[in-house]
Every structure is written in structure tokens, then in C-alpha cells.
file model29.cif (mmCIF, C-alpha atoms (C1' of nucleotides))
data_my_file
loop_
_atom_site.label_atom_id
_atom_site.label_comp_id
_atom_site.auth_asym_id
_atom_site.auth_seq_id
_atom_site.Cartn_x
_atom_site.Cartn_y
_atom_site.Cartn_z
CA MET A 1489 13.83 -19.28 -1.93
CA ASN A 1490 11.84 -20.69 0.95
CA THR A 1491 8.55 -22.55 0.97
CA PRO A 1492 5.76 -20.32 -0.27
CA GLY A 1493 3.13 -19.53 2.33
CA ARG A 1494 1.16 -16.57 3.57
CA VAL A 1495 3.92 -15.22 5.82
CA ILE A 1496 6.93 -13.33 4.54
CA TYR A 1497 10.17 -12.28 6.18
CA VAL A 1498 11.35 -8.71 5.73
CA GLY A 1499 14.97 -7.82 6.46
CA SER A 1500 17.26 -4.80 6.18
CA ILE A 1501 14.59 -2.38 7.35
CA PRO A 1502 16.15 0.94 8.40
CA TYR A 1503 16.11 1.23 12.19
CA ASP A 1504 14.19 4.48 12.15
CA GLN A 1505 11.21 3.09 10.24
CA THR A 1506 8.00 2.79 12.25
CA GLU A 1507 5.64 -0.15 11.99
CA GLU A 1508 3.15 2.10 10.25
CA GLN A 1509 5.61 3.14 7.58
CA VAL A 1510 6.59 -0.45 6.86
CA LEU A 1511 2.97 -1.60 6.91
CA ASP A 1512 1.96 1.03 4.41
CA ILE A 1513 4.44 -0.35 1.92
CA PHE A 1514 3.26 -3.93 2.34
CA ARG A 1515 -0.38 -2.93 2.10
CA SER A 1516 0.32 -1.63 -1.40
CA VAL A 1517 0.37 -5.30 -2.48
CA GLY A 1518 -2.84 -6.37 -0.74
CA PRO A 1519 -4.63 -6.45 2.61
CA VAL A 1520 -2.30 -7.37 5.45
CA ALA A 1521 -3.67 -9.93 7.91
CA ASN A 1522 -0.95 -9.63 10.51
CA PHE A 1523 2.35 -7.85 10.98
CA ARG A 1524 5.23 -7.75 13.39
CA LEU A 1525 8.31 -5.61 13.43
CA VAL A 1526 10.83 -7.24 15.76
CA PHE A 1527 12.11 -5.06 18.59
CA ASP A 1528 14.96 -5.71 20.97
CA LYS A 1529 13.42 -6.73 24.25
CA ASP A 1530 15.90 -4.73 26.31
CA THR A 1531 16.55 -1.56 24.34
CA GLY A 1532 13.10 -1.36 22.75
CA LYS A 1533 14.68 -0.55 19.41
CA SER A 1534 13.86 -2.09 16.07
CA LYS A 1535 16.04 -5.00 15.08
CA GLY A 1536 15.57 -4.13 11.44
CA TYR A 1537 13.46 -7.07 10.41
CA GLY A 1538 9.91 -8.26 10.69
CA PHE A 1539 7.12 -10.44 9.35
CA VAL A 1540 4.04 -9.81 7.26
CA GLU A 1541 1.13 -12.23 6.92
CA TYR A 1542 -1.31 -11.89 4.06
CA HIS A 1543 -4.71 -13.54 3.70
CA ASP A 1544 -3.53 -15.78 0.89
CA ALA A 1545 -0.33 -17.22 -0.54
CA ASP A 1546 -0.75 -15.46 -3.90
CA THR A 1547 -0.57 -12.03 -2.31
CA ALA A 1548 2.44 -13.11 -0.26
CA ALA A 1549 4.13 -14.32 -3.46
CA SER A 1550 3.33 -10.99 -5.07
CA ALA A 1551 5.01 -9.17 -2.18
CA VAL A 1552 8.12 -11.34 -2.55
CA ARG A 1553 8.22 -10.62 -6.28
CA ASN A 1554 7.47 -6.91 -6.14
CA LEU A 1555 8.94 -5.65 -2.88
CA ASN A 1556 12.25 -7.53 -2.61
CA ASN A 1557 14.98 -4.86 -2.90
CA TYR A 1558 12.42 -2.07 -2.50
CA THR A 1559 14.32 1.00 -1.33
CA ILE A 1560 13.44 2.47 2.07
CA GLY A 1561 15.66 5.29 3.23
CA ASN A 1562 19.15 4.29 2.19
CA ARG A 1563 18.65 0.52 2.27
CA ASN A 1564 17.10 -2.11 0.06
CA ILE A 1565 14.79 -4.34 2.07
CA ARG A 1566 15.00 -8.09 1.74
CA VAL A 1567 11.71 -9.91 1.22
CA ASP A 1568 11.31 -13.68 1.14
CA PHE A 1569 8.92 -16.32 2.41
CA SER A 1570 9.17 -16.92 6.12
CA HIS A 1571 10.38 -20.16 7.64
CA GLU A 1572 7.34 -20.17 9.91
CA THR A 1573 3.76 -20.46 8.73
CA SER A 1574 2.09 -18.27 11.33
CA ILE A 1575 2.96 -14.95 12.84
CA GLY A 1576 1.82 -15.45 16.42
CA PRO A 1577 -0.91 -13.86 18.50
CA ASN A 1578 0.30 -10.26 18.54
CA VAL A 1579 -2.01 -8.91 15.89
CA PHE A 1580 -1.14 -5.27 15.40
CA THR A 1581 -0.53 -4.95 19.13
CA SER A 1582 2.80 -3.18 19.20
CA ARG A 1583 1.41 0.29 18.51
CA PRO A 1584 3.58 3.36 18.99
CA LYS A 1585 3.90 4.08 22.71
CA ASP A 1586 3.44 7.79 22.14
CA PRO A 1587 -0.31 8.51 22.31
CA ASN A 1588 0.27 11.53 20.09
CA ALA A 1589 1.91 9.41 17.43
CA PRO A 1590 0.19 9.41 14.04
CA ALA A 1591 -2.60 6.92 13.58
CA ALA A 1592 -2.16 4.00 11.22
CA GLY A 1593 -1.24 5.21 7.78
CA ALA A 1594 -1.54 8.90 8.66
CA GLY A 1595 1.17 11.18 7.43
CA VAL A 1596 3.13 8.32 5.94
CA SER A 1597 4.58 9.18 2.61
CA VAL A 1598 5.96 6.35 0.53
CA ASN A 1599 8.66 7.34 -1.89
CA LEU A 1600 7.08 7.05 -5.32
CA SER A 1601 10.46 6.88 -7.01
CA SER A 1602 10.98 3.53 -5.32
CA LEU A 1603 8.11 2.10 -7.36
CA ASN A 1604 10.05 2.30 -10.63
CA LEU A 1605 7.19 3.79 -12.60
CA PRO A 1606 7.44 3.47 -16.38
CA PRO A 1607 8.95 6.57 -18.02
CA GLY A 1608 6.06 7.23 -20.41
CA ILE A 1609 6.15 7.65 -24.17
CA THR A 1610 6.65 10.43 -26.69
CA LEU A 1611 3.38 11.24 -28.39
CA PRO A 1612 3.20 11.39 -32.21
CA PRO A 1613 2.76 14.94 -33.56
CA GLY A 1614 -0.85 16.13 -33.42
CA VAL A 1615 -1.99 13.40 -31.03
CA SER A 1616 -3.21 14.58 -27.62
CA ALA A 1617 -2.53 12.65 -24.45
CA ALA A 1618 -6.25 11.97 -24.09
CA GLU A 1619 -6.44 10.53 -27.60
CA SER A 1620 -3.41 8.38 -26.99
CA ILE A 1621 -4.90 7.01 -23.78
CA THR A 1622 -8.15 6.26 -25.58
CA ASN A 1623 -6.27 4.44 -28.33
CA THR A 1624 -4.30 2.39 -25.84
CA LEU A 1625 -7.40 1.45 -23.87
CA SER A 1626 -9.31 0.49 -27.01
CA GLN A 1627 -6.70 -2.21 -27.60
CA CYS A 1628 -6.70 -3.37 -24.02
CA PRO A 1629 -8.59 -6.63 -23.38
CA ARG A 1630 -11.57 -6.18 -21.10
CA GLU A 1631 -10.13 -8.70 -18.67
CA THR A 1632 -6.88 -6.77 -18.35
CA MET A 1633 -8.69 -3.48 -17.89
CA LEU A 1634 -10.82 -4.94 -15.13
CA GLN A 1635 -7.72 -6.33 -13.46
CA VAL A 1636 -5.97 -2.96 -13.48
CA VAL A 1637 -9.04 -1.17 -12.13
CA THR A 1638 -9.32 -3.78 -9.38
CA GLU A 1639 -5.68 -3.35 -8.42
CA LEU A 1640 -6.02 0.43 -8.25
CA GLN A 1641 -9.09 -0.10 -6.11
CA THR A 1642 -7.05 -2.25 -3.73
CA LEU A 1643 -4.33 0.41 -3.62
CA VAL A 1644 -6.84 3.14 -2.78
CA VAL A 1645 -8.37 1.05 -0.03
CA ASN A 1646 -5.11 -0.04 1.54
CA SER A 1647 -2.83 2.95 0.97
CA PRO A 1648 -4.93 6.07 0.37
CA GLN A 1649 -1.94 8.37 0.70
CA LEU A 1650 0.14 6.40 -1.75
CA ALA A 1651 -2.80 6.42 -4.16
CA ILE A 1652 -3.06 10.20 -3.92
CA ASP A 1653 0.68 10.55 -4.51
CA LEU A 1654 0.43 8.21 -7.49
CA PHE A 1655 -2.49 10.06 -9.09
CA ARG A 1656 -0.72 13.37 -8.51
CA ALA A 1657 2.45 12.11 -10.13
CA CYS A 1658 0.59 10.46 -13.02
CA PRO A 1659 -2.53 12.43 -13.94
CA GLN A 1660 -2.80 10.36 -17.12
CA LEU A 1661 -3.57 7.42 -14.86
CA SER A 1662 -6.59 9.23 -13.42
CA TYR A 1663 -7.87 9.85 -16.90
CA ALA A 1664 -7.29 6.26 -17.95
CA LEU A 1665 -8.98 5.00 -14.79
CA VAL A 1666 -12.14 7.03 -15.32
CA GLN A 1667 -12.29 6.02 -18.95
CA SER A 1668 -11.78 2.37 -18.02
CA CYS A 1669 -14.60 2.52 -15.51
CA LEU A 1670 -16.86 3.96 -18.20
CA ALA A 1671 -15.77 1.41 -20.78
CA LEU A 1672 -16.36 -1.44 -18.38
CA GLY A 1673 -19.80 -0.13 -17.49
CA LEU A 1674 -18.82 0.02 -13.84
CA VAL A 1675 -20.04 3.56 -13.44
CA ASP A 1676 -22.44 5.66 -15.47
CA PRO A 1677 -21.40 8.94 -17.16
CA MET A 1678 -23.85 10.93 -15.07
CA SER A 1679 -22.11 10.16 -11.79
CA ILE A 1680 -18.74 11.05 -13.32
CA SER A 1681 -19.95 14.48 -14.36
CA ALA A 1682 -21.71 14.89 -11.02
CA VAL A 1683 -18.38 14.42 -9.24
CA VAL A 1684 -16.43 16.63 -11.64
CA LEU A 1685 -18.99 19.46 -11.63
CA ARG A 1686 -19.16 19.47 -7.86
CA GLU A 1687 -15.60 20.82 -7.82
CA SER A 1688 -15.81 24.62 -7.73
CA PRO A 1689 -12.68 26.84 -7.80
CA GLU A 1690 -13.01 27.90 -4.16
CA ASP A 1691 -12.82 24.27 -3.14
CA SER A 1692 -9.25 24.11 -4.40
CA ASN A 1693 -7.06 25.22 -1.54
CA ASP A 1694 -3.67 23.96 -2.67
CA GLY A 1695 -3.97 23.69 -6.40
CA ALA A 1696 -6.69 22.68 -8.80
CA GLY A 1697 -5.20 19.22 -9.25
CA ASP A 1698 -5.63 18.38 -5.59
CA GLU A 1699 -9.41 18.46 -5.52
CA ALA A 1700 -9.56 16.78 -8.89
CA GLN A 1701 -7.46 13.91 -7.56
CA LYS A 1702 -9.65 13.63 -4.49
CA ALA A 1703 -12.64 13.51 -6.79
CA ILE A 1704 -11.07 10.56 -8.57
CA ILE A 1705 -10.48 8.82 -5.28
CA ARG A 1706 -14.08 9.41 -4.26
CA GLN A 1707 -15.18 8.00 -7.58
CA VAL A 1708 -13.18 4.86 -7.02
CA LEU A 1709 -14.59 4.55 -3.53
CA SER A 1710 -18.13 4.87 -4.76
CA LEU A 1711 -17.35 2.29 -7.40
CA THR A 1712 -16.10 0.07 -4.66
CA THR A 1713 -19.34 0.41 -2.78
CA GLU A 1714 -21.45 -0.37 -5.81
CA GLN A 1715 -19.42 -3.43 -6.64
CA ILE A 1716 -18.98 -4.66 -3.11
CA GLN A 1717 -21.06 -7.80 -3.39
CA ALA A 1718 -19.12 -9.00 -6.40
CA LEU A 1719 -15.78 -8.60 -4.66
CA PRO A 1720 -13.64 -11.38 -3.24
CA GLU A 1721 -13.64 -11.84 0.50
CA GLN A 1722 -10.32 -10.11 1.15
CA GLN A 1723 -11.40 -6.94 -0.60
CA ARG A 1724 -14.67 -6.80 1.30
CA MET A 1725 -12.58 -6.96 4.48
CA ALA A 1726 -10.41 -4.13 3.21
CA ILE A 1727 -13.47 -2.03 2.51
CA ASP A 1728 -14.72 -2.65 6.03
CA GLN A 1729 -11.37 -1.29 7.26
CA LEU A 1730 -11.77 1.75 5.04
CA ARG A 1731 -15.25 2.41 6.36
CA GLU A 1732 -13.94 2.23 9.88
CA LYS A 1733 -11.28 4.80 8.99
CA VAL A 1734 -13.85 7.12 7.46
CA ARG A 1735 -16.08 6.66 10.50
CA SER A 1736 -13.25 7.57 12.88
CA GLY A 1737 -12.40 10.65 10.86
CA GLN A 1738 -9.00 9.52 9.59
CA LEU A 1739 -10.03 10.01 6.00
CA ALA A 1740 -12.31 12.98 6.40
CA SER A 1741 -10.35 14.94 3.80
CA ILE A 1742 -11.10 12.34 1.16
"C1'" DG B 758 27.03 6.13 20.98
"C1'" DT B 759 28.41 0.15 19.85
"C1'" DT B 760 23.89 0.12 13.75
"C1'" DG B 761 23.74 -3.50 9.33
"C1'" DA B 762 23.38 -9.40 9.29
"C1'" DG B 763 19.89 -11.36 11.35
"C1'" DC B 764 13.65 -15.84 10.50
"C1'" DG B 765 9.55 -13.45 15.96
"C1'" DT B 766 9.69 -9.09 22.57
"C1'" DT B 767 4.84 -13.53 25.95
#

call {"tool": "encode", "arguments": {"input": "model29.cif", "output": "C-alpha cells"}}
result
Amino acid sequence: MNTPGRVIYVGSIPYDQTEEQVLDIFRSVGPVANFRLVFDKDTGKSKGYGFVEYHDADTAASAVRNLNNYTIGNRNIRVDFSHETSIGPNVFTSRPKDPNAPAAGAGVSVNLSSLNLPPGITLPPGVSAAESITNTLSQCPRETMLQVVTELQTLVVNSPQLAIDLFRACPQLSYALVQSCLALGLVDPMSISAVVLRESPEDSNDGAGDEAQKAIIRQVLSLTTEQIQALPEQQRMAIDQLREKVRSGQLASI
DNA sequence: GTTGAGCGTT
């Protein structure tokens, strides 16, 4: 283990991974301040390692804890603190050379199975999933609930596609999130029903769940806006990034 | 083709 700082080293990245794909994974931990995938100067090909700088050491430590041995393609990436404390001046400069290449984060699909999601539980006879979620949440300390909601908020802001995949794979999580927001008084019941009722059948082009998940995302985003002044600096920055994406049309479908 | 460990293309 190296000296903790804001910069981490990432090794064993498959050669075919783009900067965007790697970035998307590291943004799932928190806003990324700077990033560099190292390319061979002569061949222009990835050397299979790179560096990620976060805004604070805690987020960097979280990346080291949670993303070391994360599986990309057929390899497990190596994540540790970097020897150096800064990442250099090339802030997000090495964009794909192809002008038709996808924009940042677009079309990138992170493998959910790599996240090692918990397997879930068997419900007692006669207990619905909704009831079970309510029971679980009623025993959850307010502080913990707020923390989870905040982390989901960060995920939605930094990795919208991963968030959509996650909510699709775990619809219970959407339910728990909405109920948590209500329990915490972060959003009033009227705006929940307003979002849900807005969804008419003809809006659902590829399955009813799709629009419902988007509705959840929109709800989280509106929550984000309402709470913006109470947020820590790094999350306000992330929201600014999100607004820029919406403005430029990258997130029009959300 | 040369590609699997590696701590940074000015």
C-alpha cells in the first residue's frame, strides 16, 4: 500500500478499453477531477494503465477499496494509490481522435455483474416485497438512509447509464429509494405521484419498466436540484457537469 | 501480429 492521496494508479486495464469506458467505472465512486490513460508515444496504443485524480483523499481511498480487482473484460484491474501526488496538466485532453466517437459516457455499458450485488433474500410467506422493504427501511437509521440516498444521487450524476442499468436490474431499489426520499422528507408525495401519473402507456416504447426507471431518475435529479445548496462542494460541481450534459443534449432521453 | 507487467505521451 502506498501513501494515500487524491491520485490513484490503475493497472491491468484491457488494451481495448477506451478512456471513456475506464472513466465511467471510476466515476461510480465519486466525481473525477482528472484522468489519464497512458498511451505508447509511438504506436498510439494503450499501455494498459493510467491514473485517476479525485477531489479528495477519501474518495480516492474508496476507489482503492472498492475497485481493486474490479473485472473489466477478462482482466482484474489493479487499483492503488499513486506514487505521485498530481496528475499533470493534461486534463481530459486525450479525447478519442475519431470525431464520430461516442461522447463522454455515451453508450458505455458497465458490467453490472462486476459490482457483486447482494443476492437478495427469500421473503416469508404472505409478505410482499413492498412490505419487506418498508419493514427494512423502518429499522434503518435516518443517517444511514440519507447516506444511501446521497450515494445513489452521486451515482446518477456521475454514471447515468450505470444507474439506469442498476435500477433495471434491481427494481426493489427504486422502490426503496422513493420511499426513503419520502421518509426523509426530501420530496413531497405530490411530486412523486405527479411523476408517476405522467407516465402513460404510449410513452413506453421498450417496456413499461423503462419509462418507470427514467421517472425514478428524473425524481432523483429533481431532488438533487432542490437540495443543491445543502450539498458539499464536489457534488455541486458534479451537478454542474450534469446540467452541461443536459444542455448539450447528451441526456435528452432522461 | 510481438499483448500482460508496468507508476504518466509535452

call {"tool": "closest_atom_pairs", "arguments": {"input": "model29.cif", "of": "chain A", "to": "chain B", "cutoff": "7 Å", "atoms": "all atoms listed in the file", "output": "JSON lines"}}
result
{"residue": "A:Tyr1497", "atom": "CA", "partner": "B:DC764", "partner_atom": "C1'", "distance": 6.6}
{"residue": "A:Val1526", "atom": "CA", "partner": "B:DG765", "partner_atom": "C1'", "distance": 6.3}
{"residue": "A:Phe1527", "atom": "CA", "partner": "B:DT766", "partner_atom": "C1'", "distance": 6.2}
{"residue": "A:Asp1528", "atom": "CA", "partner": "B:DT766", "partner_atom": "C1'", "distance": 6.5}
{"residue": "A:Lys1529", "atom": "CA", "partner": "B:DT766", "partner_atom": "C1'", "distance": 4.7}
{"residue": "A:Ser1570", "atom": "CA", "partner": "B:DC764", "partner_atom": "C1'", "distance": 6.4}
{"residue": "A:His1571", "atom": "CA", "partner": "B:DC764", "partner_atom": "C1'", "distance": 6.1}

call {"tool": "atom_distance", "arguments": {"input": "model29.cif", "atom1": "CA of Ser1662 in chain A", "atom2": "CA of Asp1676 in chain A"}}
result
16.4 Å

call {"tool": "atom_distance", "arguments": {"input": "model29.cif", "atom1": "CA of Ile1621 in chain A", "atom2": "CA of Leu1654 in chain A"}}
result
17.2 Å

call {"tool": "atom_distance", "arguments": {"input": "model29.cif", "atom1": "CA of Asn1522 in chain A", "atom2": "CA of His1543 in chain A"}}
result
8.7 Å

call {"tool": "residues_around", "arguments": {"input": "model29.cif", "residues": "Asp1504 in chain A", "least_positions_apart": "3", "cutoff": "10 Å", "atoms": "all atoms listed in the file", "output": "compact mmCIF listing (two decimals) with C-alpha atoms, in the coordinates of the input"}}
result
# COMPACT_ATOMS: atom_id res chain seq x y z
CA ILE A 1501 14.59 -2.38 7.35
CA GLU A 1507 5.64 -0.15 11.99
CA GLN A 1509 5.61 3.14 7.58
CA LYS A 1533 14.68 -0.55 19.41
CA SER A 1534 13.86 -2.09 16.07
CA GLY A 1536 15.57 -4.13 11.44
CA GLY A 1561 15.66 5.29 3.23

call {"tool": "closest_residue", "arguments": {"input": "model29.cif", "among": "A:Glu1508, A:Glu1572, A:Glu1631, A:Asp1530", "to": "Ser1668 in chain A", "atoms": "only C-alpha atoms"}}
result
A:Glu1631

call {"tool": "residues_near_point", "arguments": {"input": "model29.cif", "point": "(0.2, -19.2, -0.8)", "cutoff": "6 Å", "atoms": "all atoms listed in the file", "output": "PyMOL selection string"}}
result
chain A and resi 1492-1494+1544-1546

call {"tool": "resolve_selection", "arguments": {"input": "model29.cif", "expression": "the PyMOL selection byres ((chain A and resi 1517) around 7)", "output": "list in words"}}
result
Phe1514, Arg1515, Ser1516, Gly1518, Thr1547, Ser1550 and Ala1551 of chain A

call {"tool": "closest_residue", "arguments": {"input": "model29.cif", "among": "A:Val1567, A:Ala1521, A:Ile1652, A:Ile1513", "to": "Gly1499 in chain A", "atoms": "all atoms listed in the file"}}
result
A:Val1567

call {"tool": "decode", "arguments": {"input": "model29.cif", "residues": "chain B", "atoms": "all heavy atoms", "output": "compact mmCIF listing (two decimals), in the first residue's frame"}}
result
# COMPACT_ATOMS: atom_id res chain seq x y z
P DG B 758 2.05 -4.79 -37.76
OP1 DG B 758 3.41 -4.36 -37.98
OP2 DG B 758 1.19 -5.20 -38.84
O5' DG B 758 2.04 -6.02 -36.82
C5' DG B 758 2.23 -6.34 -35.49
C4' DG B 758 1.13 -7.31 -35.16
O4' DG B 758 1.24 -8.42 -36.06
C3' DG B 758 1.23 -7.88 -33.74
O3' DG B 758 0.00 -7.64 -33.10
C2' DG B 758 1.47 -9.37 -33.96
C1' DG B 758 0.99 -9.61 -35.37
N9 DG B 758 1.79 -10.61 -36.08
C8 DG B 758 3.15 -10.69 -36.13
N7 DG B 758 3.57 -11.65 -36.88
C5 DG B 758 2.42 -12.26 -37.36
C6 DG B 758 2.25 -13.38 -38.22
O6 DG B 758 3.12 -14.07 -38.74
N1 DG B 758 0.90 -13.65 -38.44
C2 DG B 758 -0.15 -12.94 -37.92
N2 DG B 758 -1.37 -13.34 -38.23
N3 DG B 758 0.00 -11.89 -37.12
C4 DG B 758 1.31 -11.61 -36.87
P DT B 759 -0.14 -8.03 -31.61
OP1 DT B 759 -1.10 -9.12 -31.32
OP2 DT B 759 -0.43 -6.67 -31.13
O5' DT B 759 1.26 -8.48 -31.03
C5' DT B 759 2.20 -7.53 -30.61
C4' DT B 759 3.38 -8.25 -29.99
O4' DT B 759 3.91 -9.17 -30.94
C3' DT B 759 4.50 -7.26 -29.68
O3' DT B 759 4.76 -7.26 -28.27
C2' DT B 759 5.70 -7.78 -30.44
C1' DT B 759 5.27 -9.20 -30.85
N1 DT B 759 5.82 -9.47 -32.17
C2 DT B 759 6.80 -10.44 -32.33
O2 DT B 759 7.19 -11.13 -31.41
N3 DT B 759 7.28 -10.57 -33.60
C4 DT B 759 6.90 -9.84 -34.72
O4 DT B 759 7.41 -10.04 -35.81
C5 DT B 759 5.88 -8.85 -34.46
C7 DT B 759 5.38 -7.99 -35.59
C6 DT B 759 5.41 -8.71 -33.23
P DT B 760 4.15 -6.26 -27.47
OP1 DT B 760 3.42 -5.41 -28.45
OP2 DT B 760 5.22 -5.77 -26.65
O5' DT B 760 3.02 -6.95 -26.59
C5' DT B 760 3.32 -7.70 -25.43
C4' DT B 760 2.03 -8.25 -24.83
O4' DT B 760 0.91 -7.37 -25.07
C3' DT B 760 1.65 -9.59 -25.47
O3' DT B 760 1.06 -10.37 -24.44
C2' DT B 760 0.56 -9.21 -26.45
C1' DT B 760 -0.15 -8.11 -25.64
N1 DT B 760 -0.97 -7.18 -26.46
C2 DT B 760 -2.33 -7.13 -26.23
O2 DT B 760 -2.89 -7.84 -25.43
N3 DT B 760 -3.00 -6.24 -27.02
C4 DT B 760 -2.48 -5.38 -27.96
O4 DT B 760 -3.17 -4.62 -28.60
C5 DT B 760 -1.05 -5.48 -28.13
C7 DT B 760 -0.36 -4.59 -29.10
C6 DT B 760 -0.39 -6.36 -27.39
P DG B 761 1.92 -11.34 -23.70
OP1 DG B 761 3.31 -11.24 -24.14
OP2 DG B 761 1.17 -12.60 -23.84
O5' DG B 761 1.84 -10.92 -22.15
C5' DG B 761 2.86 -10.12 -21.57
C4' DG B 761 2.27 -9.39 -20.38
O4' DG B 761 1.21 -8.51 -20.82
C3' DG B 761 1.66 -10.33 -19.35
O3' DG B 761 2.11 -9.90 -18.07
C2' DG B 761 0.16 -10.13 -19.48
C1' DG B 761 0.09 -8.69 -19.96
N9 DG B 761 -1.13 -8.34 -20.70
C8 DG B 761 -1.67 -9.00 -21.77
N7 DG B 761 -2.75 -8.43 -22.23
C5 DG B 761 -2.93 -7.33 -21.41
C6 DG B 761 -3.95 -6.33 -21.42
O6 DG B 761 -4.89 -6.22 -22.18
N1 DG B 761 -3.76 -5.41 -20.42
C2 DG B 761 -2.71 -5.43 -19.53
N2 DG B 761 -2.69 -4.45 -18.64
N3 DG B 761 -1.76 -6.35 -19.51
C4 DG B 761 -1.94 -7.27 -20.47
P DA B 762 2.19 -11.08 -16.96
OP1 DA B 762 3.01 -12.17 -17.54
OP2 DA B 762 0.85 -11.36 -16.44
O5' DA B 762 3.06 -10.37 -15.82
C5' DA B 762 2.54 -9.27 -15.11
C4' DA B 762 3.64 -8.29 -14.76
O4' DA B 762 4.21 -7.76 -15.98
C3' DA B 762 3.14 -7.08 -13.98
O3' DA B 762 4.18 -6.63 -13.13
C2' DA B 762 2.82 -6.08 -15.06
C1' DA B 762 3.91 -6.38 -16.08
N9 DA B 762 3.50 -6.13 -17.46
C8 DA B 762 2.26 -6.30 -18.01
N7 DA B 762 2.20 -6.01 -19.28
C5 DA B 762 3.49 -5.62 -19.60
C6 DA B 762 4.10 -5.20 -20.79
N6 DA B 762 3.46 -5.11 -21.94
N1 DA B 762 5.42 -4.89 -20.77
C2 DA B 762 6.08 -5.01 -19.61
N3 DA B 762 5.62 -5.41 -18.41
C4 DA B 762 4.31 -5.70 -18.48
P DG B 763 3.89 -5.57 -12.09
OP1 DG B 763 4.86 -5.73 -11.01
OP2 DG B 763 2.44 -5.56 -11.79
O5' DG B 763 4.26 -4.23 -12.89
C5' DG B 763 5.59 -4.02 -13.32
C4' DG B 763 5.67 -2.77 -14.22
O4' DG B 763 5.06 -3.05 -15.49
C3' DG B 763 4.93 -1.55 -13.66
O3' DG B 763 5.82 -0.45 -13.74
C2' DG B 763 3.77 -1.37 -14.63
C1' DG B 763 4.36 -1.91 -15.91
N9 DG B 763 3.38 -2.33 -16.90
C8 DG B 763 2.19 -2.98 -16.66
N7 DG B 763 1.52 -3.24 -17.75
C5 DG B 763 2.31 -2.73 -18.77
C6 DG B 763 2.12 -2.73 -20.17
O6 DG B 763 1.17 -3.18 -20.80
N1 DG B 763 3.18 -2.12 -20.83
C2 DG B 763 4.28 -1.59 -20.23
N2 DG B 763 5.20 -1.06 -21.01
N3 DG B 763 4.48 -1.60 -18.92
C4 DG B 763 3.46 -2.18 -18.25
P DC B 764 5.93 0.58 -12.53
OP1 DC B 764 7.14 1.38 -12.72
OP2 DC B 764 5.72 -0.13 -11.26
O5' DC B 764 4.66 1.49 -12.81
C5' DC B 764 4.55 2.23 -14.00
C4' DC B 764 4.26 3.68 -13.68
O4' DC B 764 3.20 3.72 -12.70
C3' DC B 764 5.44 4.42 -13.03
O3' DC B 764 5.44 5.77 -13.48
C2' DC B 764 5.14 4.36 -11.55
C1' DC B 764 3.62 4.43 -11.56
N1 DC B 764 2.99 3.81 -10.38
C2 DC B 764 2.34 4.65 -9.48
O2 DC B 764 2.32 5.87 -9.71
N3 DC B 764 1.76 4.12 -8.39
C4 DC B 764 1.80 2.81 -8.19
N4 DC B 764 1.21 2.33 -7.11
C5 DC B 764 2.46 1.92 -9.10
C6 DC B 764 3.04 2.47 -10.17
P DG B 765 6.43 6.11 -14.72
OP1 DG B 765 7.22 4.94 -15.15
OP2 DG B 765 7.05 7.31 -14.22
O5' DG B 765 5.49 6.50 -15.93
C5' DG B 765 4.12 6.79 -15.70
C4' DG B 765 3.57 7.41 -16.95
O4' DG B 765 2.32 7.99 -16.62
C3' DG B 765 4.38 8.57 -17.56
O3' DG B 765 3.89 8.81 -18.87
C2' DG B 765 3.95 9.69 -16.65
C1' DG B 765 2.44 9.41 -16.67
N9 DG B 765 1.69 9.98 -15.56
C8 DG B 765 0.57 10.74 -15.64
N7 DG B 765 0.10 11.11 -14.48
C5 DG B 765 0.99 10.56 -13.59
C6 DG B 765 1.02 10.62 -12.19
O6 DG B 765 0.25 11.20 -11.44
N1 DG B 765 2.08 9.93 -11.67
C2 DG B 765 3.00 9.26 -12.43
N2 DG B 765 3.98 8.65 -11.75
N3 DG B 765 2.99 9.20 -13.74
C4 DG B 765 1.96 9.86 -14.24
P DT B 766 4.38 8.06 -20.04
OP1 DT B 766 3.47 6.95 -19.91
OP2 DT B 766 5.84 7.87 -20.10
O5' DT B 766 3.96 9.04 -21.20
C5' DT B 766 4.98 9.66 -21.87
C4' DT B 766 4.56 10.12 -23.24
O4' DT B 766 3.23 9.77 -23.56
C3' DT B 766 4.65 11.64 -23.32
O3' DT B 766 5.90 11.96 -23.92
C2' DT B 766 3.47 12.03 -24.20
C1' DT B 766 2.77 10.71 -24.48
N1 DT B 766 1.30 10.81 -24.35
C2 DT B 766 0.56 10.88 -25.51
O2 DT B 766 1.07 10.88 -26.61
N3 DT B 766 -0.78 10.98 -25.30
C4 DT B 766 -1.46 11.00 -24.08
O4 DT B 766 -2.67 11.09 -24.01
C5 DT B 766 -0.62 10.92 -22.93
C7 DT B 766 -1.21 10.92 -21.57
C6 DT B 766 0.71 10.84 -23.13
P DT B 767 6.89 12.90 -23.47
OP1 DT B 767 7.85 12.63 -24.53
OP2 DT B 767 7.26 12.83 -22.04
O5' DT B 767 6.20 14.30 -23.69
C5' DT B 767 5.79 14.68 -24.96
C4' DT B 767 5.65 16.20 -25.03
O4' DT B 767 4.54 16.58 -24.21
C3' DT B 767 6.87 16.98 -24.50
O3' DT B 767 7.49 17.64 -25.59
C2' DT B 767 6.32 18.01 -23.54
C1' DT B 767 4.83 17.75 -23.51
N1 DT B 767 4.33 17.56 -22.12
C2 DT B 767 4.04 18.68 -21.37
O2 DT B 767 4.17 19.81 -21.79
N3 DT B 767 3.60 18.42 -20.11
C4 DT B 767 3.41 17.20 -19.52
O4 DT B 767 2.99 17.09 -18.37
C5 DT B 767 3.75 16.08 -20.35
C7 DT B 767 3.60 14.69 -19.79
C6 DT B 767 4.19 16.31 -21.61
